[in-house]
$ cat data-v2.cif   # mmCIF, C-alpha atoms and all ligand atoms
data_start
loop_
_atom_site.label_atom_id
_atom_site.label_comp_id
_atom_site.auth_asym_id
_atom_site.auth_seq_id
_atom_site.Cartn_x
_atom_site.Cartn_y
_atom_site.Cartn_z
CA MET H 902 0.00 0.00 0.00
CA LEU H 903 2.71 2.42 1.06
CA GLN H 904 4.87 1.35 -1.90
CA GLU H 905 2.09 2.37 -4.29
CA ARG H 906 1.90 5.76 -2.66
CA ILE H 907 5.64 6.25 -3.11
CA ALA H 908 5.28 5.71 -6.84
CA ASP H 909 2.44 8.18 -6.98
CA LEU H 910 4.03 10.99 -4.99
CA SER H 911 5.16 12.87 -8.10
CA LYS H 912 1.50 13.38 -8.96
CA PHE H 913 0.90 15.15 -5.66
CA VAL H 914 2.99 18.20 -6.49
CA GLU H 915 2.52 20.43 -9.53
CA PRO H 916 4.50 23.66 -10.09
CA ASP H 917 1.70 25.86 -8.74
CA ARG H 918 -0.44 23.54 -6.61
CA VAL H 919 -0.21 20.60 -4.19
CA ARG H 920 -2.59 17.79 -3.24
CA ARG H 921 -4.12 18.07 0.22
CA GLU H 922 -2.92 14.56 1.22
CA VAL H 923 0.61 15.96 1.38
CA TYR H 924 -0.53 17.63 4.62
CA THR H 925 -2.91 15.03 6.01
CA ASP H 926 -1.82 11.50 5.07
CA PRO H 927 -0.04 9.70 7.95
CA GLY H 928 1.79 7.44 5.44
CA ILE H 929 3.24 10.45 3.65
CA PHE H 930 4.24 11.92 7.02
CA GLU H 931 6.22 8.75 7.86
CA LEU H 932 7.98 8.96 4.50
CA GLU H 933 8.78 12.63 5.07
CA MET H 934 10.46 11.75 8.34
CA GLN H 935 12.56 9.03 6.64
CA ARG H 936 13.40 10.93 3.50
CA ILE H 937 13.66 14.51 4.70
CA HIS H 938 13.99 15.10 8.44
CA GLU H 939 16.08 12.01 9.16
CA ARG H 940 18.46 12.70 6.27
CA VAL H 941 19.10 16.42 5.90
CA TRP H 942 20.90 18.81 8.26
CA ILE H 943 18.62 19.58 11.21
CA TYR H 944 19.35 22.28 13.76
CA CYS H 945 20.04 20.77 17.19
CA GLY H 946 20.86 23.84 19.21
CA HIS H 947 23.47 26.47 19.94
CA GLU H 948 26.77 25.42 21.48
CA SER H 949 26.20 27.88 24.35
CA GLN H 950 23.32 25.64 25.50
CA VAL H 951 25.94 23.13 26.64
CA PRO H 952 28.86 25.24 27.91
CA LYS H 953 30.47 22.73 30.33
CA ALA H 954 31.67 19.14 29.90
CA GLY H 955 28.73 16.78 30.50
CA ASP H 956 26.08 19.42 29.75
CA TYR H 957 23.39 17.95 27.55
CA TYR H 958 20.21 18.99 25.79
CA ALA H 959 17.63 16.53 24.46
CA VAL H 960 16.36 17.26 20.96
CA GLN H 961 14.07 15.53 18.48
CA ILE H 962 15.30 14.92 14.91
CA GLY H 963 12.49 13.50 12.80
CA ARG H 964 11.14 10.65 14.94
CA GLN H 965 14.45 10.14 16.73
CA PRO H 966 15.10 11.22 20.32
CA MET H 967 18.64 12.64 20.30
CA VAL H 968 20.89 14.27 22.84
CA MET H 969 23.43 17.04 22.21
CA VAL H 970 26.27 16.84 24.72
CA ARG H 971 29.57 18.62 25.43
CA GLY H 972 32.46 16.18 25.87
CA ASN H 973 35.48 16.45 28.17
CA ASP H 974 37.49 17.42 25.09
CA GLY H 975 35.20 20.43 24.53
CA LYS H 976 33.60 18.91 21.43
CA VAL H 977 29.82 18.88 20.99
CA HIS H 978 28.46 15.41 20.16
CA VAL H 979 24.97 14.40 19.04
CA LEU H 980 23.92 10.89 20.09
CA TYR H 981 20.76 8.82 19.93
CA ASN H 982 19.16 9.12 23.35
CA ARG H 983 19.00 5.36 23.73
CA CYS H 984 20.82 2.83 25.83
CA PRO H 985 22.31 0.04 23.67
CA HIS H 986 21.47 -2.52 26.37
CA ARG H 987 17.69 -2.70 26.43
CA GLY H 988 16.72 0.58 24.83
CA ASN H 989 16.09 2.82 27.83
CA LEU H 990 16.27 6.57 27.16
CA MET H 991 19.65 7.67 28.49
CA VAL H 992 18.42 11.07 29.63
CA GLY H 993 14.86 11.64 30.72
CA ASP H 994 15.16 15.37 31.39
CA ARG H 995 15.16 17.91 28.64
CA TYR H 996 18.55 19.22 29.76
CA GLY H 997 21.07 18.86 32.53
CA ASN H 998 24.58 17.70 33.27
CA ALA H 999 25.50 14.04 32.96
CA GLY H 1000 28.53 14.40 35.22
CA GLU H 1001 31.73 12.59 34.24
CA PHE H 1002 29.80 10.12 32.09
CA PHE H 1003 26.30 8.95 31.16
CA ARG H 1004 24.83 6.32 33.44
CA CYS H 1005 21.74 4.39 32.42
CA SER H 1006 19.06 4.40 35.09
CA TYR H 1007 18.02 0.80 34.35
CA HIS H 1008 21.11 -1.46 34.80
CA SER H 1009 23.89 1.07 35.16
CA TRP H 1010 25.76 0.67 31.90
CA THR H 1011 27.91 3.79 31.63
CA PHE H 1012 29.13 5.73 28.58
CA GLN H 1013 31.61 8.44 27.75
CA HIS H 1014 30.19 11.75 26.53
CA ASP H 1015 30.93 10.70 22.95
CA GLY H 1016 28.78 7.58 23.44
CA ARG H 1017 31.56 4.99 23.84
CA LEU H 1018 30.86 2.25 26.38
CA ARG H 1019 32.71 2.92 29.63
CA SER H 1020 31.54 0.09 31.89
CA ILE H 1021 28.93 -2.61 32.46
CA PRO H 1022 28.31 -3.94 35.98
CA MET H 1023 30.40 -7.12 36.42
CA MET H 1024 31.34 -6.95 32.76
CA GLU H 1025 34.09 -9.61 32.89
CA SER H 1026 31.99 -12.32 34.46
CA GLY H 1027 28.75 -11.32 32.74
CA TYR H 1028 30.09 -11.20 29.22
CA ALA H 1029 33.11 -13.55 29.27
CA GLY H 1030 33.15 -15.66 26.12
CA THR H 1031 30.75 -13.35 24.26
CA PRO H 1032 31.73 -10.83 21.59
CA TYR H 1033 30.22 -8.05 23.71
CA GLY H 1034 32.31 -5.48 25.52
CA LYS H 1035 34.01 -2.12 25.05
CA GLU H 1036 35.13 -2.83 21.50
CA HIS H 1037 31.78 -4.09 20.24
CA PRO H 1038 29.94 -1.27 18.38
CA ASP H 1039 26.53 -2.52 19.54
CA CYS H 1040 27.54 -1.76 23.13
CA SER H 1041 28.04 1.96 22.59
CA MET H 1042 25.44 4.69 22.20
CA LYS H 1043 24.86 5.34 18.51
CA ARG H 1044 26.00 8.70 17.20
CA ALA H 1045 24.34 10.94 14.62
CA ALA H 1046 26.01 10.12 11.30
CA ARG H 1047 27.30 13.68 10.90
CA VAL H 1048 27.55 16.72 13.18
CA GLU H 1049 28.73 20.17 12.09
CA ASN H 1050 28.72 23.60 13.59
CA TYR H 1051 28.33 26.92 11.78
CA ARG H 1052 29.29 29.94 13.92
CA GLY H 1053 28.11 28.15 17.05
CA PHE H 1054 24.88 26.73 15.59
CA VAL H 1055 25.02 22.93 15.79
CA PHE H 1056 23.38 20.77 13.13
CA ALA H 1057 23.21 17.00 12.75
CA SER H 1058 22.36 14.76 9.83
CA LEU H 1059 21.31 11.17 10.42
CA ALA H 1060 22.51 10.17 6.94
CA LYS H 1061 26.18 9.53 6.33
CA ASP H 1062 26.05 10.85 2.75
CA GLY H 1063 24.87 14.18 1.45
CA PRO H 1064 26.07 17.76 1.10
CA THR H 1065 28.25 19.30 3.81
CA LEU H 1066 26.47 21.70 6.16
CA LYS H 1067 28.02 24.65 4.33
CA GLU H 1068 26.87 23.36 0.94
CA PHE H 1069 23.42 22.61 2.32
CA LEU H 1070 22.97 26.05 3.88
CA GLY H 1071 24.35 27.88 0.84
CA GLU H 1072 23.24 31.52 0.82
CA SER H 1073 21.00 30.96 3.83
CA ARG H 1074 24.19 31.11 5.93
CA ILE H 1075 23.52 34.84 5.98
CA ALA H 1076 21.03 34.13 8.78
CA PHE H 1077 23.88 33.18 11.12
CA ASP H 1078 26.43 35.60 9.68
CA ASP H 1079 24.04 38.54 10.07
CA MET H 1080 23.18 37.53 13.63
CA CYS H 1081 26.79 36.99 14.75
CA ASP H 1082 28.27 39.96 12.87
CA ARG H 1083 25.87 42.26 14.73
CA ALA H 1084 27.64 41.26 17.95
CA PRO H 1085 30.68 43.40 18.75
CA GLU H 1086 32.46 40.16 19.72
CA GLY H 1087 31.28 38.33 16.59
CA GLU H 1088 29.36 35.69 18.55
CA VAL H 1089 25.95 35.18 20.06
CA GLU H 1090 24.89 33.41 23.20
CA ILE H 1091 21.60 31.61 23.71
CA VAL H 1092 19.11 32.86 26.28
CA PRO H 1093 17.79 29.93 28.27
CA ASN H 1094 15.06 28.74 27.93
CA CYS H 1095 12.73 28.78 24.91
CA PHE H 1096 9.00 28.99 24.41
CA ARG H 1097 7.51 25.74 23.15
CA VAL H 1098 4.27 25.76 21.21
CA ILE H 1099 2.45 22.73 19.87
CA GLN H 1100 0.31 23.64 16.90
CA LYS H 1101 -2.45 21.38 15.70
CA SER H 1102 -1.43 21.29 12.08
CA ASN H 1103 1.06 19.78 9.69
CA TRP H 1104 4.65 21.11 9.93
CA LYS H 1105 4.68 22.46 6.37
CA ILE H 1106 1.85 24.88 7.14
CA PHE H 1107 4.14 26.65 9.63
CA LEU H 1108 7.03 26.93 7.17
CA GLU H 1109 4.81 28.15 4.33
CA ASN H 1110 3.48 30.88 6.59
CA GLN H 1111 6.90 32.23 7.52
CA LEU H 1112 7.50 33.99 4.20
CA ASP H 1113 3.88 34.44 3.25
CA ALA H 1114 4.02 38.19 2.65
CA LEU H 1115 0.32 38.46 1.90
CA HIS H 1116 -0.86 37.36 5.31
CA PRO H 1117 0.61 39.77 7.91
CA SER H 1118 -1.51 42.80 7.17
CA VAL H 1119 -4.63 40.60 7.05
CA THR H 1120 -4.06 38.06 9.80
CA HIS H 1121 -2.38 40.51 12.20
CA GLN H 1122 -4.24 43.65 11.21
CA SER H 1123 -6.30 43.97 14.39
CA THR H 1124 -3.23 43.57 16.59
CA GLY H 1125 -1.29 46.09 14.50
CA ARG H 1126 -4.11 48.64 14.55
CA ALA H 1127 -4.55 48.51 18.31
CA ALA H 1128 -0.79 49.00 18.82
CA HIS H 1129 -0.75 51.84 16.32
CA GLU H 1130 -3.52 53.70 18.15
CA VAL H 1131 -1.57 53.56 21.40
CA GLU H 1132 1.68 54.42 19.63
CA LYS H 1133 0.11 57.56 18.16
CA GLU H 1134 -1.21 58.63 21.55
CA ILE H 1135 2.20 58.21 23.19
CA GLU H 1136 3.84 60.10 20.33
CA LYS H 1137 1.37 62.93 20.80
CA LYS H 1138 2.11 63.14 24.51
CA THR H 1139 5.86 62.56 24.59
CA GLY H 1140 6.98 63.07 21.00
CA HIS H 1141 8.45 59.57 20.84
CA ALA H 1142 6.99 56.06 21.33
CA PRO H 1143 9.27 53.15 22.26
CA LEU H 1144 10.41 50.89 19.41
CA SER H 1145 8.39 48.00 20.84
CA TYR H 1146 5.16 49.69 19.65
CA HIS H 1147 6.62 49.85 16.16
CA MET H 1148 7.20 46.07 16.25
CA LEU H 1149 3.45 45.58 16.49
CA SER H 1150 2.12 48.64 14.68
CA ALA H 1151 4.12 47.67 11.57
CA PHE H 1152 1.49 44.99 10.98
CA ALA H 1153 -1.00 47.79 10.37
CA THR H 1154 1.18 50.55 8.92
CA VAL H 1155 2.80 48.26 6.35
CA THR H 1156 -0.49 47.84 4.51
CA ILE H 1157 -1.28 44.99 2.15
CA ASP H 1158 -0.39 46.92 -1.01
CA LYS H 1159 3.12 47.64 0.31
CA TRP H 1160 4.09 43.99 0.69
CA ASP H 1161 4.62 43.62 -3.04
CA ASN H 1162 7.59 46.02 -2.65
CA PHE H 1163 9.62 43.46 -0.72
CA GLN H 1164 11.44 40.59 -2.31
CA THR H 1165 11.99 36.93 -1.67
CA LEU H 1166 15.04 35.05 -2.88
CA ASN H 1167 14.47 31.33 -3.20
CA TYR H 1168 17.35 28.88 -3.11
CA PRO H 1169 18.06 25.21 -3.73
CA TYR H 1170 17.04 22.80 -0.94
CA GLY H 1171 13.94 24.96 -0.28
CA HIS H 1172 15.64 27.81 1.62
CA CYS H 1173 14.39 31.38 1.26
CA ILE H 1174 15.24 34.96 2.28
CA LEU H 1175 12.72 37.79 2.74
CA THR H 1176 14.35 41.22 2.47
CA GLY H 1177 13.22 44.51 3.97
CA TYR H 1178 10.10 45.07 6.13
CA MET H 1179 10.74 46.96 9.36
CA GLY H 1180 13.36 49.69 9.36
CA LEU H 1181 15.49 48.87 12.38
CA ARG H 1182 18.00 51.69 12.48
CA PRO H 1183 16.32 54.30 14.60
CA LYS H 1184 18.37 57.17 16.00
CA ASP H 1185 17.47 56.67 19.66
CA PRO H 1186 20.28 56.90 22.26
CA ASP H 1187 20.36 53.09 22.75
CA THR H 1188 20.96 52.47 19.07
CA LEU H 1189 23.59 55.19 18.87
CA ALA H 1190 25.43 53.77 21.90
CA TYR H 1191 25.37 50.32 20.29
CA GLU H 1192 26.66 51.69 16.99
CA ALA H 1193 29.54 53.34 18.84
CA VAL H 1194 30.52 49.99 20.40
CA MET H 1195 30.30 48.34 16.98
CA GLU H 1196 32.53 51.01 15.43
CA LYS H 1197 35.10 50.44 18.14
CA ALA H 1198 35.11 46.73 17.38
CA TYR H 1199 34.92 46.79 13.59
CA GLY H 1200 35.70 50.31 12.38
CA LYS H 1201 33.23 52.64 10.68
CA LYS H 1202 33.19 51.05 7.23
CA ARG H 1203 32.63 47.45 8.36
CA THR H 1204 30.02 48.57 10.92
CA GLU H 1205 28.07 50.27 8.14
CA GLU H 1206 28.26 47.11 6.02
CA ILE H 1207 27.00 44.96 8.89
CA LEU H 1208 24.14 47.24 9.90
CA ALA H 1209 23.09 47.82 6.29
CA VAL H 1210 22.13 44.13 5.87
CA ASN H 1211 18.38 44.34 5.64
CA ILE H 1212 16.79 40.93 5.80
CA HIS H 1213 13.72 40.22 7.81
CA HIS H 1214 13.54 36.49 7.70
CA VAL H 1215 15.54 33.49 6.52
CA LEU H 1216 13.87 30.13 6.15
CA ILE H 1217 16.14 27.11 6.24
CA TYR H 1218 14.08 24.20 4.96
CA PRO H 1219 12.79 21.97 6.48
CA GLY H 1220 13.14 23.02 10.07
CA LEU H 1221 14.30 26.53 10.83
CA SER H 1222 13.04 30.08 10.58
CA VAL H 1223 15.56 32.77 11.57
CA GLN H 1224 15.05 36.50 12.19
CA SER H 1225 18.66 37.59 12.45
CA PRO H 1226 18.34 41.38 12.96
CA LEU H 1227 16.33 40.65 16.10
CA GLN H 1228 18.31 37.56 17.14
CA GLN H 1229 15.43 35.08 17.10
CA LEU H 1230 14.91 31.66 15.65
CA ARG H 1231 12.16 29.11 15.55
CA ALA H 1232 12.95 25.42 15.18
CA VAL H 1233 10.22 23.18 13.81
CA ARG H 1234 9.90 19.64 15.19
CA PRO H 1235 7.13 17.59 13.54
CA LEU H 1236 5.39 15.34 16.07
CA GLY H 1237 2.75 13.77 13.86
CA VAL H 1238 0.89 14.50 10.64
CA ASP H 1239 -1.30 17.05 12.46
CA ARG H 1240 0.91 18.08 15.39
CA THR H 1241 4.01 20.24 15.26
CA LEU H 1242 6.23 21.56 18.00
CA THR H 1243 7.98 24.88 17.49
CA GLU H 1244 10.79 25.99 19.78
CA ILE H 1245 11.17 29.75 19.89
CA TRP H 1246 14.64 30.90 20.97
CA HIS H 1247 16.40 34.23 21.20
CA PHE H 1248 20.03 35.23 21.62
CA ARG H 1249 22.26 37.87 23.14
CA LEU H 1250 24.78 39.72 21.00
CA LYS H 1251 28.06 39.28 22.87
CA GLY H 1252 29.56 42.63 23.77
CA ALA H 1253 26.43 44.67 22.92
CA PRO H 1254 24.78 47.02 25.45
CA GLU H 1255 21.92 45.59 27.52
CA ALA H 1256 19.37 47.81 25.75
CA ILE H 1257 19.93 45.88 22.51
CA TYR H 1258 19.17 42.65 24.33
CA ARG H 1259 16.01 44.25 25.73
CA ARG H 1260 14.95 45.06 22.15
CA SER H 1261 15.35 41.43 21.15
CA LEU H 1262 13.44 40.33 24.24
CA ALA H 1263 10.61 42.76 23.43
CA TYR H 1264 10.24 41.29 19.93
CA TYR H 1265 10.44 37.78 21.36
CA ASN H 1266 7.63 38.50 23.80
CA LEU H 1267 5.50 40.77 21.62
CA VAL H 1268 5.65 38.96 18.29
CA ASN H 1269 6.91 35.41 18.68
CA SER H 1270 5.77 34.26 22.12
CA PRO H 1271 2.66 32.16 22.76
CA ALA H 1272 1.31 35.04 24.86
CA THR H 1273 1.06 37.52 22.01
CA LEU H 1274 -1.94 37.98 19.77
CA VAL H 1275 0.36 37.81 16.75
CA ASN H 1276 1.28 34.21 17.47
CA ALA H 1277 -2.29 33.35 18.41
CA ASP H 1278 -3.54 34.80 15.10
CA ASP H 1279 -1.20 32.49 13.18
CA LEU H 1280 -1.94 29.44 15.31
CA GLU H 1281 -5.64 29.81 14.68
CA ASN H 1282 -5.04 29.93 10.91
CA PHE H 1283 -2.77 26.87 11.08
CA TRP H 1284 -5.41 24.81 12.88
CA LYS H 1285 -8.16 26.03 10.56
CA CYS H 1286 -6.08 25.27 7.46
CA HIS H 1287 -5.40 21.76 8.67
CA GLN H 1288 -9.11 21.21 9.39
CA GLY H 1289 -10.03 22.42 5.91
CA LEU H 1290 -7.39 20.28 4.25
CA ALA H 1291 -8.60 17.21 6.11
CA SER H 1292 -12.07 17.80 4.66
CA GLU H 1293 -13.41 16.77 1.28
CA GLY H 1294 -14.12 20.37 0.31
CA GLY H 1295 -11.35 20.36 -2.30
CA ASP H 1296 -8.29 18.37 -3.36
CA TRP H 1297 -5.67 21.03 -4.01
CA VAL H 1298 -3.78 23.79 -2.22
CA SER H 1299 -3.03 26.74 -4.52
CA PHE H 1300 0.40 28.40 -4.75
CA ALA H 1301 -0.33 30.23 -8.00
CA ARG H 1302 0.10 33.84 -6.87
CA HIS H 1303 2.52 35.58 -9.31
CA PHE H 1304 3.31 32.16 -10.81
CA GLY H 1305 5.29 32.55 -14.02
CA ARG H 1306 6.59 36.02 -13.11
CA ASP H 1307 9.51 34.97 -10.95
CA VAL H 1308 12.99 35.33 -12.38
CA GLU H 1309 15.39 32.40 -12.21
CA LYS H 1310 19.14 33.08 -12.27
CA ASN H 1311 21.65 30.29 -11.67
CA GLY H 1312 19.16 28.17 -9.75
CA VAL H 1313 18.01 31.10 -7.56
CA VAL H 1314 14.41 32.20 -8.01
CA GLU H 1315 13.91 35.91 -7.36
CA THR H 1316 10.49 37.42 -7.18
CA ALA H 1317 10.13 40.04 -9.92
CA PRO H 1318 9.83 43.76 -8.99
CA SER H 1319 6.49 44.50 -7.30
CA CYS H 1320 5.77 40.78 -6.81
CA GLY H 1321 6.81 40.46 -3.15
CA THR H 1322 3.61 38.62 -2.29
CA SER H 1323 4.47 35.91 -4.80
CA GLU H 1324 3.90 32.39 -3.57
CA ALA H 1325 7.37 31.55 -4.88
CA PRO H 1326 8.63 30.50 -1.39
CA MET H 1327 5.89 27.85 -1.12
CA ARG H 1328 6.53 26.65 -4.67
CA ASN H 1329 10.24 26.47 -3.88
CA GLN H 1330 9.65 24.49 -0.68
CA MET H 1331 7.41 22.02 -2.48
CA LYS H 1332 9.97 21.65 -5.28
CA ALA H 1333 12.56 20.67 -2.66
CA TRP H 1334 10.00 18.41 -0.97
CA ALA H 1335 9.24 16.57 -4.20
CA ARG H 1336 12.94 16.10 -4.89
CA TYR H 1337 13.64 14.71 -1.42
CA MET H 1338 10.59 12.48 -1.52
CA GLY H 1339 11.36 11.31 -5.03
CA ASN H 1340 14.91 10.09 -4.60
CA GLY H 1341 15.57 10.40 -0.89
CA LYS H 1342 18.60 12.68 -1.43
S1 LIG W 1 18.69 -0.55 29.59
FE1 LIG W 1 20.38 0.68 29.98
S2 LIG W 1 21.62 -0.48 31.24
FE2 LIG W 1 19.97 -1.78 30.79
FE FE W 2 1.88 35.64 10.92
#
$ encode --input "data-v2.cif" --output "structure tokens"
Amino acid sequence: MLQERIADLSKFVEPDRVRREVYTDPGIFELEMQRIHERVWIYCGHESQVPKAGDYYAVQIGRQPMVMVRGNDGKVHVLYNRCPHRGNLMVGDRYGNAGEFFRCSYHSWTFQHDGRLRSIPMMESGYAGTPYGKEHPDCSMKRAARVENYRGFVFASLAKDGPTLKEFLGESRIAFDDMCDRAPEGEVEIVPNCFRVIQKSNWKIFLENQLDALHPSVTHQSTGRAAHEVEKEIEKKTGHAPLSYHMLSAFATVTIDKWDNFQTLNYPYGHCILTGYMGLRPKDPDTLAYEAVMEKAYGKKRTEEILAVNIHHVLIYPGLSVQSPLQQLRAVRPLGVDRTLTEIWHFRLKGAPEAIYRRSLAYYNLVNSPATLVNADDLENFWKCHQGLASEGGDWVSFARHFGRDVEKNGVVETAPSCGTSEAPMRNQMKAWARYMGNGK
């Protein structure tokens, strides 16, 4: 049954539309986990989440429970969170410190931080005459096939073959470069802990929404308007409203007709960059103080180059959405065909004044947190979309907006001038999806 579906998958995706089963069929979901999430580079976490030897953080990659851990040698490892003895999860907490080594809570097998077997109770007498012991690979915790780090952001791939992390990220590396370059010390540090939201919809609905430039001024209009009213009042009274009001009022002041002025750049592997949106170089004293620190670190010319980068959002398919100018990211962890966990993290720019961190925190709370109306607006759409797609009210999802107008140069699809609301990012994601699902690479 499943084999037949595999053969038919090519019929599910057309250049400008997709069959609804792609979002609702549990068999397709299982295949996606095998062929996409458990093969490609998936973001595990930032190395500052595990600063000391033995520090670990549990993370889900596809259907696999994994654990990211800092070894005694300072290296970050990613292991399957499974004891090779009888399968017990090695760590039950989301994060912690394993001490000198991992110790299984069931029969006390112990392992080095890199997963190698360290000891088994009464190993000599218990296993004499068997092939099992320290040298036997089945007695060690299994490692992710590949682990790489880009500017402190740790990724793992569960497939031994495939592009390197750098090749896979391609131009989307700008997400991490932009974030880190904005730090006077060239590095960021994670803020523990994250918000976790479980949305009742397929994982792809979240990713398609991230660069959907048509939706913000519709979906978030009421939130934007309310903030704009208050912002205007404060401006009238004091002459200047804090930037945090602008973060919300932009949903109303950037009206629907203006979204066509932005641009998306769509890359191989389904990644995408959205340029422009909110101007984030105000002339308030906090920003000026920050710019002075940056100039001291980098010089005037380089500082200008760094601060002139104007991207709002970078989507790294299939599991990451990064907003680098505000030091935020959201990691997508599919839990089931109609359940998706998102982890919402933010970062500190090392060496930057506290006020710049406060700005990031304000955006985190006001726009990305589960408490804000902005997030609630989106979550409601996600659930409603999934409900509609599960119905028999239609077979296709349309991605036809500005179809045929995009400009392709060397494999990069740019939306044409005044076509910022093009559904090119969704078409690009589904093109990558079809390729992964078709040949598993
Ligand atoms: S299951 Fe881990 S030691 Fe037995
Ligand atoms: Fe939204």
$ residues_near_point --input "data-v2.cif" --point "(23.0, 34.4, 11.0)" --cutoff "9 Å" --atoms "only C-alpha atoms" --output "ChimeraX atom specification"
/H:1052,1073-1082,1215,1223-1226,1228
$ closest_atom_pairs --input "data-v2.cif" --of "stretch 1032-1114 of chain H" --to "stretch 1184-1201 of chain H" --cutoff "12 Å" --atoms "only C-alpha atoms" --output "JSON lines"
{"residue": "H:Asp1082", "atom": "CA", "partner": "H:Met1195", "partner_atom": "CA", "distance": 9.6}
{"residue": "H:Arg1083", "atom": "CA", "partner": "H:Met1195", "partner_atom": "CA", "distance": 7.9}
{"residue": "H:Ala1084", "atom": "CA", "partner": "H:Met1195", "partner_atom": "CA", "distance": 7.6}
{"residue": "H:Pro1085", "atom": "CA", "partner": "H:Met1195", "partner_atom": "CA", "distance": 5.3}
{"residue": "H:Glu1086", "atom": "CA", "partner": "H:Ala1198", "partner_atom": "CA", "distance": 7.5}
{"residue": "H:Gly1087", "atom": "CA", "partner": "H:Ala1198", "partner_atom": "CA", "distance": 9.3}
$ residues_near_ligand --input "data-v2.cif" --ligand "ligand LIG 1 (chain W)" --cutoff "7 Å" --atoms "all atoms listed in the file" --output "list in words"
Cys984, Pro985, His986, Arg987, Gly988, Asn989, Cys1005, Ser1006, Tyr1007, His1008, Ser1009 and Trp1010 of chain H
$ closest_residue --input "data-v2.cif" --among "H:Tyr1264, H:Phe1003, H:Phe1152, H:Tyr1051" --to "ligand FE 2 (chain W)" --atoms "all atoms listed in the file"
H:Phe1152
$ residues_near_ligand --input "data-v2.cif" --ligand "ligand FE 2 (chain W)" --cutoff "12 Å" --atoms "only C-alpha atoms and all ligand atoms" --output "PyMOL selection string"
chain H and resi 1106-1122+1124-1125+1149+1152+1268-1270+1273-1283
$ atom_distance --input "data-v2.cif" --atom1 "atom CA of H:His1172" --atom2 "atom CA of H:Pro1093"
26.8 Å
$ residues_around --input "data-v2.cif" --residues "H:Ser1150" --least-positions-apart "5" --cutoff "8 Å" --atoms "all atoms listed in the file" --output "PDB file with C-alpha atoms, in the coordinates of the input"
ATOM      1  CA  THR H1124      -3.230  43.570  16.590  1.00  0.00           C
ATOM      2  CA  GLY H1125      -1.290  46.090  14.500  1.00  0.00           C
ATOM      3  CA  ARG H1126      -4.110  48.640  14.550  1.00  0.00           C
ATOM      4  CA  ALA H1127      -4.550  48.510  18.310  1.00  0.00           C
ATOM      5  CA  ALA H1128      -0.790  49.000  18.820  1.00  0.00           C
ATOM      6  CA  HIS H1129      -0.750  51.840  16.320  1.00  0.00           C
ATOM      7  CA  GLU H1132       1.680  54.420  19.630  1.00  0.00           C
TER       8      GLU H1132
END
$ atom_distance --input "data-v2.cif" --atom1 "atom CA of H:Ser1026" --atom2 "atom CA of H:Ala999"
27.2 Å
$ closest_residue --input "data-v2.cif" --among "H:Ala1333, H:Ala1253, H:Thr1322, H:Val1298" --to "H:Ile1157" --atoms "only C-alpha atoms"
H:Thr1322
$ residues_around --input "data-v2.cif" --residues "stretch 1291-1297 of chain H" --least-positions-apart "5" --cutoff "6 Å" --atoms "all atoms listed in the file" --output "JSON, numbers by chain"
{"H": [919, 920, 921]}
$ atom_distance --input "data-v2.cif" --atom1 "atom CA of H:Ser1058" --atom2 "atom CA of H:Leu1230"
19.4 Å
$ axis_aligned_box --input "data-v2.cif" --around "stretch 1221-1237 of chain H" --padding-each-side "4 Å" --output "lines of an AutoDock Vina configuration file"
center_x = 10.7
center_y = 27.6
center_z = 13.9
size_x = 23.9
size_y = 35.6
size_z = 14.6
$ closest_residue --input "data-v2.cif" --among "H:Thr1243, H:Gln965, H:Ser911, H:Thr925" --to "H:Arg940" --atoms "all atoms listed in the file"
H:Gln965
$ residues_around --input "data-v2.cif" --residues "H:Glu1309" --least-positions-apart "3" --cutoff "12 Å" --atoms "all atoms listed in the file" --output "PyMOL selection string"
chain H and resi 1165-1169+1305-1306+1312-1317+1325+1329
$ closest_residue --input "data-v2.cif" --among "H:Asp1239, H:Glu1205, H:Asp1158, H:Glu1088" --to "H:Ser1102" --atoms "only C-alpha atoms"
H:Asp1239
$ closest_residue --input "data-v2.cif" --among "H:Leu1267, H:Leu1236, H:Ala1029, H:Met1331" --to "H:Ile1099" --atoms "only C-alpha atoms"
H:Leu1236
